[in-house]
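Participant: As input, take final34.txt (compact mmCIF, C-alpha atoms):
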# COMPACT_ATOMS: atom_id res chain seq x y z
CA MET A 186 -37.03 17.46 5.64
CA SER A 187 -33.47 16.42 4.89
CA VAL A 188 -30.57 18.79 5.47
CA PRO A 189 -28.44 19.70 2.42
CA GLU A 190 -25.13 17.89 2.20
CA ARG A 191 -22.09 19.66 3.55
CA ILE A 192 -19.04 18.58 1.55
CA ARG A 193 -15.33 19.22 2.07
CA TYR A 194 -12.16 17.79 0.58
CA ALA A 195 -10.49 15.02 2.58
CA ASN A 196 -7.00 16.27 1.69
CA PRO A 197 -5.88 19.80 2.62
CA TRP A 198 -5.33 22.39 -0.11
CA TRP A 199 -1.55 22.29 0.23
CA ARG A 200 -1.40 18.54 -0.44
CA ARG A 201 -3.53 18.92 -3.57
CA LEU A 202 -1.33 21.80 -4.71
CA LEU A 203 1.81 19.74 -4.08
CA ARG A 204 0.50 16.96 -6.34
CA ARG A 205 -0.19 19.45 -9.12
CA TRP A 206 3.26 21.01 -8.71
CA ARG A 207 4.91 17.59 -9.09
CA GLN A 208 2.92 16.97 -12.24
CA TRP A 209 3.97 20.38 -13.61
CA ARG A 210 7.58 19.32 -13.05
CA GLY A 211 7.06 16.20 -15.14
CA GLY A 212 6.17 13.64 -12.50
CA GLU A 213 3.57 11.01 -13.27
CA PRO A 214 0.17 11.67 -11.64
CA VAL A 215 -0.29 9.59 -8.50
CA LYS A 216 -3.95 9.95 -7.59
CA VAL A 217 -6.69 11.08 -9.92
CA HIS A 218 -9.72 10.25 -7.78
CA LEU A 219 -11.59 12.73 -5.62
CA VAL A 220 -12.10 12.13 -1.89
CA GLN A 221 -14.76 14.04 0.02
CA ILE A 222 -16.07 14.08 3.57
CA VAL A 223 -19.85 14.41 3.48
CA ASP A 224 -22.07 15.52 6.37
CA ALA A 225 -25.83 15.11 6.00
CA ASP A 226 -28.73 14.23 8.26
CA GLY A 227 -26.47 14.05 11.28
CA ARG A 228 -24.19 11.46 9.70
CA ARG A 229 -20.67 11.71 8.34
CA ARG A 230 -19.40 9.51 5.55
CA LYS A 231 -16.54 9.36 3.10
CA ARG A 232 -17.20 9.65 -0.63
CA VAL A 233 -14.67 8.59 -3.25
CA ILE A 234 -15.21 9.46 -6.91
CA PHE A 235 -12.92 7.40 -9.12
CA GLU A 236 -11.70 8.19 -12.60
CA THR A 237 -13.43 5.10 -13.98
CA GLU A 238 -16.31 2.86 -12.96
CA GLN A 239 -13.97 -0.12 -13.22
CA GLU A 240 -11.87 1.24 -10.35
CA ALA A 241 -14.95 1.71 -8.19
CA VAL A 242 -16.08 -1.85 -8.90
CA ARG A 243 -12.63 -3.16 -7.97
CA VAL A 244 -12.58 -1.39 -4.60
CA ALA A 245 -16.19 -2.29 -3.78
CA SER A 246 -15.44 -5.95 -4.49
CA CYS A 247 -12.41 -5.84 -2.18
CA LEU A 248 -14.42 -4.23 0.61
CA ARG A 249 -17.09 -6.92 0.38
CA ALA A 250 -14.50 -9.71 0.36
CA LEU A 251 -12.68 -8.28 3.38
CA LYS A 252 -15.77 -7.32 5.40
CA PRO A 253 -15.31 -10.25 7.85
CA SER A 254 -11.96 -8.82 8.95
CA SER A 255 -13.62 -5.64 10.28
CA ARG A 256 -10.46 -3.77 9.35
CA PHE A 257 -11.93 -1.46 6.71
CA PRO A 258 -14.81 1.04 6.51
CA ARG A 259 -18.24 -0.42 5.76
CA LEU A 260 -19.43 0.04 2.20
CA LEU A 261 -22.59 2.18 2.32
CA SER A 262 -23.43 2.73 -1.33
CA GLU A 263 -22.05 2.45 -4.83
CA ALA A 264 -23.18 4.16 -8.01
CA GLY A 265 -21.09 4.28 -11.15
CA ARG A 266 -17.73 5.86 -10.35
CA ARG A 267 -18.78 6.78 -6.80
CA LEU A 268 -18.46 4.82 -3.59
CA GLU A 269 -19.53 5.92 -0.12
CA VAL A 270 -18.19 4.29 3.02
CA GLU A 271 -18.50 4.97 6.71
CA PHE A 272 -16.27 7.68 8.10
CA LEU A 273 -13.83 6.28 10.65
CA ALA A 274 -12.91 8.89 13.22
CA GLY A 275 -9.90 8.76 15.47
CA PRO A 276 -6.20 9.59 15.56
CA VAL A 277 -4.05 8.35 12.72
CA ALA A 278 -1.10 6.05 13.42
CA ARG A 279 1.90 7.84 14.83
CA ARG A 280 5.44 6.85 13.89
CA ARG A 281 6.79 7.48 17.39
CA ARG A 282 4.13 5.52 19.24
CA ARG A 283 5.19 1.93 19.79
CA THR A 284 1.66 0.66 20.36
CA ASP A 285 0.62 2.03 16.96
CA HIS A 286 3.33 -0.04 15.29
CA ALA A 287 2.07 -3.12 17.11
CA ALA A 288 -1.52 -2.33 16.08
CA VAL A 289 -0.61 -2.06 12.40
CA ALA A 290 1.43 -5.26 12.57
CA GLU A 291 -1.65 -7.01 13.95
CA PHE A 292 -3.68 -5.51 11.10
CA PHE A 293 -1.47 -7.35 8.62
CA VAL A 294 -1.79 -10.59 10.57
CA ASP A 295 -5.58 -10.31 10.34
CA LEU A 296 -5.46 -9.33 6.66
CA TYR A 297 -3.20 -12.19 5.58
CA ALA A 298 -4.64 -14.87 7.84
CA GLY A 299 -8.31 -14.07 7.31
CA GLN A 300 -8.84 -14.38 3.57
CA THR A 301 -8.98 -17.03 0.87
CA LEU A 302 -5.74 -17.14 -1.08
CA ARG A 303 -4.78 -18.39 -4.52
CA ALA A 304 -1.49 -20.12 -5.36
CA ALA A 305 0.21 -19.04 -8.59
CA ASP A 306 3.40 -19.63 -10.53
CA PRO A 307 5.48 -16.49 -9.93
CA ALA A 308 7.10 -16.82 -13.35
CA GLY A 309 3.71 -15.98 -14.89
CA LEU A 310 3.28 -12.73 -12.99
CA ALA A 311 3.86 -9.35 -14.60
CA TRP A 312 6.15 -8.58 -11.69
CA VAL A 313 9.01 -10.53 -13.26
CA SER A 314 9.30 -8.35 -16.36
CA GLU A 315 8.41 -5.20 -14.42
CA PHE A 316 11.23 -5.93 -11.98
CA ASP A 317 13.76 -6.09 -14.82
CA LYS A 318 12.42 -2.77 -16.17
CA ALA A 319 12.73 -1.22 -12.71
CA LEU A 320 16.38 -2.24 -12.43
CA ALA A 321 17.03 -0.78 -15.88
CA ARG A 322 15.31 2.46 -14.83
CA LEU A 323 17.39 2.75 -11.67
CA HIS A 324 20.57 2.01 -13.64
CA ALA A 325 19.74 4.60 -16.29
CA ALA A 326 19.21 7.20 -13.55
CA ALA A 327 22.59 6.26 -12.00
CA TRP A 328 21.14 4.99 -8.72
CA ILE A 329 22.79 1.58 -9.27
CA ASP A 330 25.60 0.50 -11.59
CA ALA A 331 25.49 -2.36 -14.10
CA ARG A 332 27.15 -4.81 -11.73
CA GLU A 333 24.63 -4.13 -8.97
CA ALA A 334 21.73 -4.41 -11.41
CA GLU A 335 22.95 -7.85 -12.48
CA ARG A 336 23.48 -8.92 -8.86
CA LEU A 337 19.93 -7.93 -7.96
CA ALA A 338 18.54 -9.69 -11.03
CA GLU A 339 20.37 -12.87 -10.05
CA LEU A 340 19.18 -12.50 -6.46
CA ALA A 341 15.57 -12.29 -7.67
CA ARG A 342 16.04 -15.50 -9.63
CA ASP A 343 17.52 -17.23 -6.57
CA TRP A 344 14.79 -16.01 -4.21
CA GLN A 345 11.84 -16.63 -6.52
CA PRO A 346 9.69 -19.28 -4.78
CA PRO A 347 8.16 -22.25 -6.63
CA GLN A 348 4.72 -20.78 -5.95
CA VAL A 349 3.41 -17.51 -4.57
CA TRP A 350 0.23 -16.84 -2.60
CA LEU A 351 -1.99 -14.13 -4.08
CA GLY A 352 -4.77 -12.31 -2.28
CA HIS A 353 -6.20 -8.93 -1.35
CA GLU A 354 -3.54 -6.40 -0.40
CA TYR A 355 -3.47 -2.96 1.16
CA ILE A 356 -0.78 -1.40 -0.99
CA ASP A 357 -0.38 2.04 0.62
CA PRO A 358 0.03 1.35 4.36
CA ILE A 359 1.74 4.59 5.33
CA ALA A 360 1.05 5.80 8.86
CA ARG A 361 -1.59 8.39 8.01
CA ASN A 362 -3.66 5.76 6.19
CA PHE A 363 -4.54 4.03 9.46
CA VAL A 364 -6.85 5.15 12.24
CA ILE A 365 -6.05 3.73 15.68
CA ASN A 366 -8.80 3.25 18.25
CA ASP A 367 -8.34 1.15 21.41
CA GLN A 368 -5.01 -0.11 19.99
CA ARG A 369 -6.78 -1.48 16.91
CA ALA A 370 -5.74 -0.31 13.45
CA MET A 371 -8.34 0.38 10.75
CA ALA A 372 -7.29 1.02 7.15
CA ILE A 373 -8.99 4.12 5.76
CA ASP A 374 -7.47 4.51 2.29
CA ILE A 375 -9.89 2.22 0.46
CA GLU A 376 -8.40 3.23 -2.89
CA ALA A 377 -5.30 1.24 -1.92
CA LEU A 378 -7.15 -2.10 -1.93
CA TRP A 379 -6.22 -4.47 -4.74
CA PRO A 380 -7.05 -8.14 -5.40
CA ASP A 381 -4.70 -10.85 -6.72
CA GLN A 382 -1.52 -9.34 -5.32
CA PRO A 383 1.53 -11.25 -4.04
CA LEU A 384 0.96 -11.21 -0.29
CA GLY A 385 3.67 -9.39 1.59
CA LEU A 386 3.66 -6.41 -0.75
CA GLY A 387 1.84 -4.14 1.70
CA LEU A 388 3.94 -5.32 4.63
CA ALA A 389 7.12 -4.65 2.64
CA LYS A 390 6.04 -1.08 1.95
CA ALA A 391 5.08 -0.48 5.57
CA ALA A 392 8.46 -1.83 6.71
CA LEU A 393 10.29 0.35 4.19
CA ARG A 394 8.40 3.53 5.02
CA TRP A 395 7.87 3.44 8.77
CA LEU A 396 6.84 0.19 10.49
CA HIS A 397 9.35 -1.00 13.10
CA THR A 398 7.81 -4.40 13.84
CA PRO A 399 9.98 -7.04 12.10
CA PRO A 400 8.14 -8.54 9.11
CA ASP A 401 9.24 -12.00 10.21
CA ALA A 402 7.23 -11.60 13.43
CA VAL A 403 4.12 -10.78 11.39
CA LEU A 404 4.64 -13.75 9.06
CA LYS A 405 5.16 -16.16 11.96
CA ALA A 406 1.91 -14.94 13.52
CA VAL A 407 0.10 -15.51 10.19
CA LEU A 408 1.47 -19.07 10.02
CA LYS A 409 0.41 -19.79 13.59
CA ARG A 410 -3.09 -18.39 13.11
CA SER A 411 -3.99 -19.70 9.66
CA GLY A 412 -1.37 -22.25 8.63
CA THR A 413 -0.46 -20.09 5.61
CA ASP A 414 3.32 -19.88 5.21
CA LEU A 415 4.35 -16.61 3.56
CA GLN A 416 7.91 -16.70 4.84
CA ASP A 417 9.34 -18.35 1.73
CA GLN A 418 7.89 -15.77 -0.66
CA TYR A 419 8.41 -12.64 1.42
CA PRO A 420 12.11 -12.01 0.60
CA TRP A 421 11.34 -12.21 -3.13
CA VAL A 422 8.23 -10.05 -2.79
CA SER A 423 10.17 -7.49 -0.75
CA LEU A 424 13.02 -7.38 -3.27
CA CYS A 425 10.71 -6.94 -6.27
CA PHE A 426 8.57 -4.38 -4.47
CA THR A 427 11.54 -2.25 -3.40
CA ALA A 428 12.97 -2.02 -6.91
CA LEU A 429 9.55 -1.28 -8.42
CA TYR A 430 8.78 1.31 -5.74
CA PHE A 431 12.02 3.22 -6.25
CA ALA A 432 11.56 3.22 -10.03
CA GLN A 433 8.02 4.51 -9.49
CA LYS A 434 9.32 7.33 -7.30
CA LEU A 435 11.65 8.40 -10.11
CA ASP A 436 8.70 8.52 -12.52
CA GLN A 437 6.69 10.51 -9.98
CA ASN A 438 9.54 12.97 -9.48
CA LYS A 439 9.88 11.97 -5.82
CA PRO A 440 13.56 10.99 -5.45
CA GLY A 441 13.45 11.90 -1.78
CA HIS A 442 11.57 8.65 -1.13
CA ILE A 443 14.46 6.56 -2.45
CA ARG A 444 16.72 4.96 0.15
CA ILE A 445 18.81 2.94 -2.25
CA GLN A 446 20.58 1.07 0.57
CA ALA A 447 17.28 -0.62 1.32
CA LEU A 448 17.63 -2.26 -2.09
CA THR A 449 21.38 -2.68 -2.47
CA GLY A 450 21.66 -4.10 1.05
CA LEU A 451 19.41 -7.05 0.20
CA GLY A 452 21.23 -10.34 -0.19
CA GLN A 453 24.43 -9.07 1.37
CA ALA A 454 26.19 -11.23 3.98
CA HIS A 455 24.56 -9.33 6.85
CA ASN A 456 21.15 -9.35 5.19
CA SER A 457 20.73 -12.75 3.58
CA LYS A 458 17.45 -14.53 2.95
CA PRO A 459 15.96 -15.95 6.17
Let me see whether you can do it: turn the structure in this file into C-alpha cells.
Facilitator:
Amino acid sequence: MSVPERIRYANPWWRRLLRRWRQWRGGEPVKVHLVQIVDADGRRRKRVIFETEQEAVRVASCLRALKPSSRFPRLLSEAGRRLEVEFLAGPVARRRRRTDHAAVAEFFVDLYAGQTLRAADPAGLAWVSEFDKALARLHAAAWIDAREAERLAELARDWQPPQVWLGHEYIDPIARNFVINDQRAMAIDIEALWPDQPLGLGLAKAALRWLHTPPDAVLKAVLKRSGTDLQDQYPWVSLCFTALYFAQKLDQNKPGHIRIQALTGLGQAHNSKP
C-alpha cells in the first residue's frame, strides 16, 4: 500500500510574500510557476507546475538535451503543465567559499563545451532591438544620460560579432540555484533552462551577481576542451545582457539589483574589449 504524498513548498513563506509585495507595488511578476518538494514511498522529488504546458515542454526538452552533462536533475515524469525531477540534496553554493566559485565555473565549462551549438547572425536576434529599448528605459529612469546611452549603443555595434553561437543556457545562475557536492556544482533551478540563447548569457549574469572566477578563464577552458571559441562574442553578450537585466530590474521594482557602473564601465580605457 502506497503512502500518501507529503507536499511542501520549495520556497519559504517570506519569499513568496516578498514576491507578492513587489507585485502590489507595481513590479512585473517574476515567477508564476509553483515549486513543490514531494515525499512519497520513501523517495523525495521536486515537482514544478508551470503556468502553461508550453513552458513545461520547453524545460523537459532542455533536460533531455543536457542529460549527458550530468549537471541537472534527472527528469522523472512529465504530464501537461507538470514536471517531476529528482531532488538534489546538499549545500547550496556559498559566495564566500572559493571552491564553490571554482565548481560553478567548471559547470559553465561543461555546459558550453558539451552541447551542440548553432551559429546565427546576431543582427537577426531580438536582442538587438531589445537592447535599444533597454537603453531607452534606463535613460528615461535617469540611470544613464543621453550621451552615455549613445556611447553604449555605439559600443554594441562595435562589439557585435559576425556570428554568434546559440545553445542551451542556464539563465539564473545565482548562488542558491546550485547544489555543491564533492566540489561539483549541480544546477537545480530547472525553470531557468532555455534553448537557442547566445552562449555567455548565464556566465555574464553569474559574474555580475556573485561569481569571482574571471569569465575569460571559463571561455579559454571551453575553447581548449571543445574547440568552440566564445571569446569573440562574450563582450557583446555581456554588454547586451547587462543593459537588459538592469531594465528588467526596473520593471520588476528591484532597483537594488542595479549596479550601473557595471554597465557604464564597459568599453572604458581600463575595461576595453579583450
Participant: Find, counting all atoms listed in the file, the residue in A:Leu219, A:Val233, A:Leu393, A:Leu248 that gets nearest to Leu260 (chain A).
Facilitator: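 Using all atoms listed in the file, Leu260 (chain A) sits closest to A:Leu248.
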Participant: Just give me the gap between CA of Leu388 (chain A) and CA of Val313 (chain A) in Å, one decimal is fine.
Facilitator: 19.3 Å
Participant: Which of these, A:Asp306, A:Glu190, A:Glu291, A:Glu269, has the shortest distance to Val349 (chain A) once you count all atoms listed in the file?
Facilitator: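 With all atoms listed in the file as the atom set, the closest residue is A:Asp306.
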Participant: Adding 6 Å on each side of the box along x, y and z that holds all listed atoms of region 373-387 of chain A, could you give its centre and edge lengths in Å to one decimal, as JSON?
Facilitator:
{"center_x": -3.1, "center_y": -3.4, "center_z": -0.5, "size_x": 25.6, "size_y": 27.8, "size_z": 24.5}
Participant: Identify, on the basis of all atoms listed in the file, every residue whose closest approach to region 377-383 of chain A does not exceed 7 Å; exclude the query and any residue fewer than 5 positions from it along the same chain; express the result as a PyMOL selection string.
Facilitator: chain A and resi 244+247+349-357+422
Participant: For the atom pair CA of Ser262 (chain A) and CA of Glu236 (chain A), what is the interatomic distance in Å to one decimal place?
Facilitator: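 These two atoms are separated by 17.2 Å.
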Participant: Ranking A:Ala327, A:Ala298, A:Ile373, A:Ala391 by minimum distance to Phe272 (chain A) and counting only C-alpha atoms, which one comes first?
Facilitator: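 When distances to Phe272 (chain A) are compared using only C-alpha atoms, the smallest one comes from A:Ile373.
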Participant: In terms of the shortest atom-to-atom distance over all atoms listed in the file, which of A:Gln239, A:Gly309, A:Ile359, A:His286 is closest to Gly387 (chain A)?
Facilitator: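 Nearest candidate to Gly387 (chain A) out of A:Gln239, A:Gly309, A:Ile359, A:His286: A:Ile359.
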Participant: For a quick check of understanding, using all atoms listed in the file, which of A:Val289, A:Ala372, A:Ala325, A:Leu384 has the smallest distance to Ser255 (chain A)?
Facilitator: A:Ala372
Participant: Would you kindly identify which residues have an atom no farther than 9 Å from (6.0, -16.4, 8.2), using all atoms listed in the file and the file's own coordinates, and write them out as an MDAnalysis selection string?
Facilitator: chainID A and resid 400:409 413:417 419
Participant: Can you tell me which residues surround region 329-333 of chain A at a distance of at most 10 Å, considering only C-alpha atoms, apart from same-chain residues fewer than 5 positions away, and format the answer as a list in words?
Facilitator: Leu320, Ala321, Arg322, Leu323, His324, Ala338, Glu339, Ile445, Leu448 and Thr449 of chain A
Participant: In Å, with one decimal, what is the gap from CA of Arg369 (chain A) to CA of Ala288 (chain A)?
Facilitator: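 Pair CA of Arg369 (chain A) / CA of Ala288 (chain A) returns 5.4 Å.
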Participant: From the options A:Gln221, A:Gln368, A:Asn438, A:Gln418, which residue's atoms come nearest to Ala290 (chain A), counting only C-alpha atoms?
Facilitator: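 For Ala290 (chain A), the nearest of the candidates is A:Gln368.
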Participant: So that I can check the surroundings of Ala274 (chain A), please list as a VMD selection string every protein, DNA and RNA residue that reaches within 12 Å of it, counting all atoms listed in the file and ignoring chain neighbours fewer than 5 positions away.
Facilitator: chain A and resid 222 229 to 231 258 363 to 366 370 to 373
Participant: Please rebuild region 248-259 of chain A with N, CA and C atoms and return the result as a PDB file, in the frame of the given file.
Facilitator:
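This is the output file selection21.pdb:
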ATOM      1  N   LEU A 248     -13.797  -4.530  -0.677  1.00  0.00           N
ATOM      2  CA  LEU A 248     -14.420  -4.230   0.610  1.00  0.00           C
ATOM      3  C   LEU A 248     -15.408  -5.323   1.017  1.00  0.00           C
ATOM      4  N   ARG A 249     -16.150  -5.834   0.060  1.00  0.00           N
ATOM      5  CA  ARG A 249     -17.090  -6.920   0.380  1.00  0.00           C
ATOM      6  C   ARG A 249     -16.336  -8.182   0.776  1.00  0.00           C
ATOM      7  N   ALA A 250     -15.270  -8.489   0.065  1.00  0.00           N
ATOM      8  CA  ALA A 250     -14.500  -9.710   0.360  1.00  0.00           C
ATOM      9  C   ALA A 250     -13.838  -9.630   1.730  1.00  0.00           C
ATOM     10  N   LEU A 251     -13.420  -8.440   2.136  1.00  0.00           N
ATOM     11  CA  LEU A 251     -12.680  -8.280   3.380  1.00  0.00           C
ATOM     12  C   LEU A 251     -13.558  -7.825   4.549  1.00  0.00           C
ATOM     13  N   LYS A 252     -14.845  -7.759   4.339  1.00  0.00           N
ATOM     14  CA  LYS A 252     -15.770  -7.320   5.400  1.00  0.00           C
ATOM     15  C   LYS A 252     -15.625  -8.140   6.681  1.00  0.00           C
ATOM     16  N   PRO A 253     -15.436  -9.483   6.610  1.00  0.00           N
ATOM     17  CA  PRO A 253     -15.310 -10.250   7.850  1.00  0.00           C
ATOM     18  C   PRO A 253     -14.136  -9.842   8.733  1.00  0.00           C
ATOM     19  N   SER A 254     -13.123  -9.218   8.151  1.00  0.00           N
ATOM     20  CA  SER A 254     -11.960  -8.820   8.950  1.00  0.00           C
ATOM     21  C   SER A 254     -12.259  -7.637   9.858  1.00  0.00           C
ATOM     22  N   SER A 255     -13.278  -6.855   9.529  1.00  0.00           N
ATOM     23  CA  SER A 255     -13.620  -5.640  10.280  1.00  0.00           C
ATOM     24  C   SER A 255     -12.425  -4.706  10.412  1.00  0.00           C
ATOM     25  N   ARG A 256     -11.647  -4.619   9.353  1.00  0.00           N
ATOM     26  CA  ARG A 256     -10.460  -3.770   9.350  1.00  0.00           C
ATOM     27  C   ARG A 256     -10.565  -2.606   8.369  1.00  0.00           C
ATOM     28  N   PHE A 257     -11.728  -2.484   7.712  1.00  0.00           N
ATOM     29  CA  PHE A 257     -11.930  -1.460   6.710  1.00  0.00           C
ATOM     30  C   PHE A 257     -13.293  -0.800   6.913  1.00  0.00           C
ATOM     31  N   PRO A 258     -13.495   0.397   6.378  1.00  0.00           N
ATOM     32  CA  PRO A 258     -14.810   1.040   6.510  1.00  0.00           C
ATOM     33  C   PRO A 258     -15.901   0.212   5.837  1.00  0.00           C
ATOM     34  N   ARG A 259     -17.102   0.267   6.375  1.00  0.00           N
ATOM     35  CA  ARG A 259     -18.240  -0.420   5.760  1.00  0.00           C
ATOM     36  C   ARG A 259     -18.645   0.296   4.476  1.00  0.00           C
TER      37      ARG A 259
END
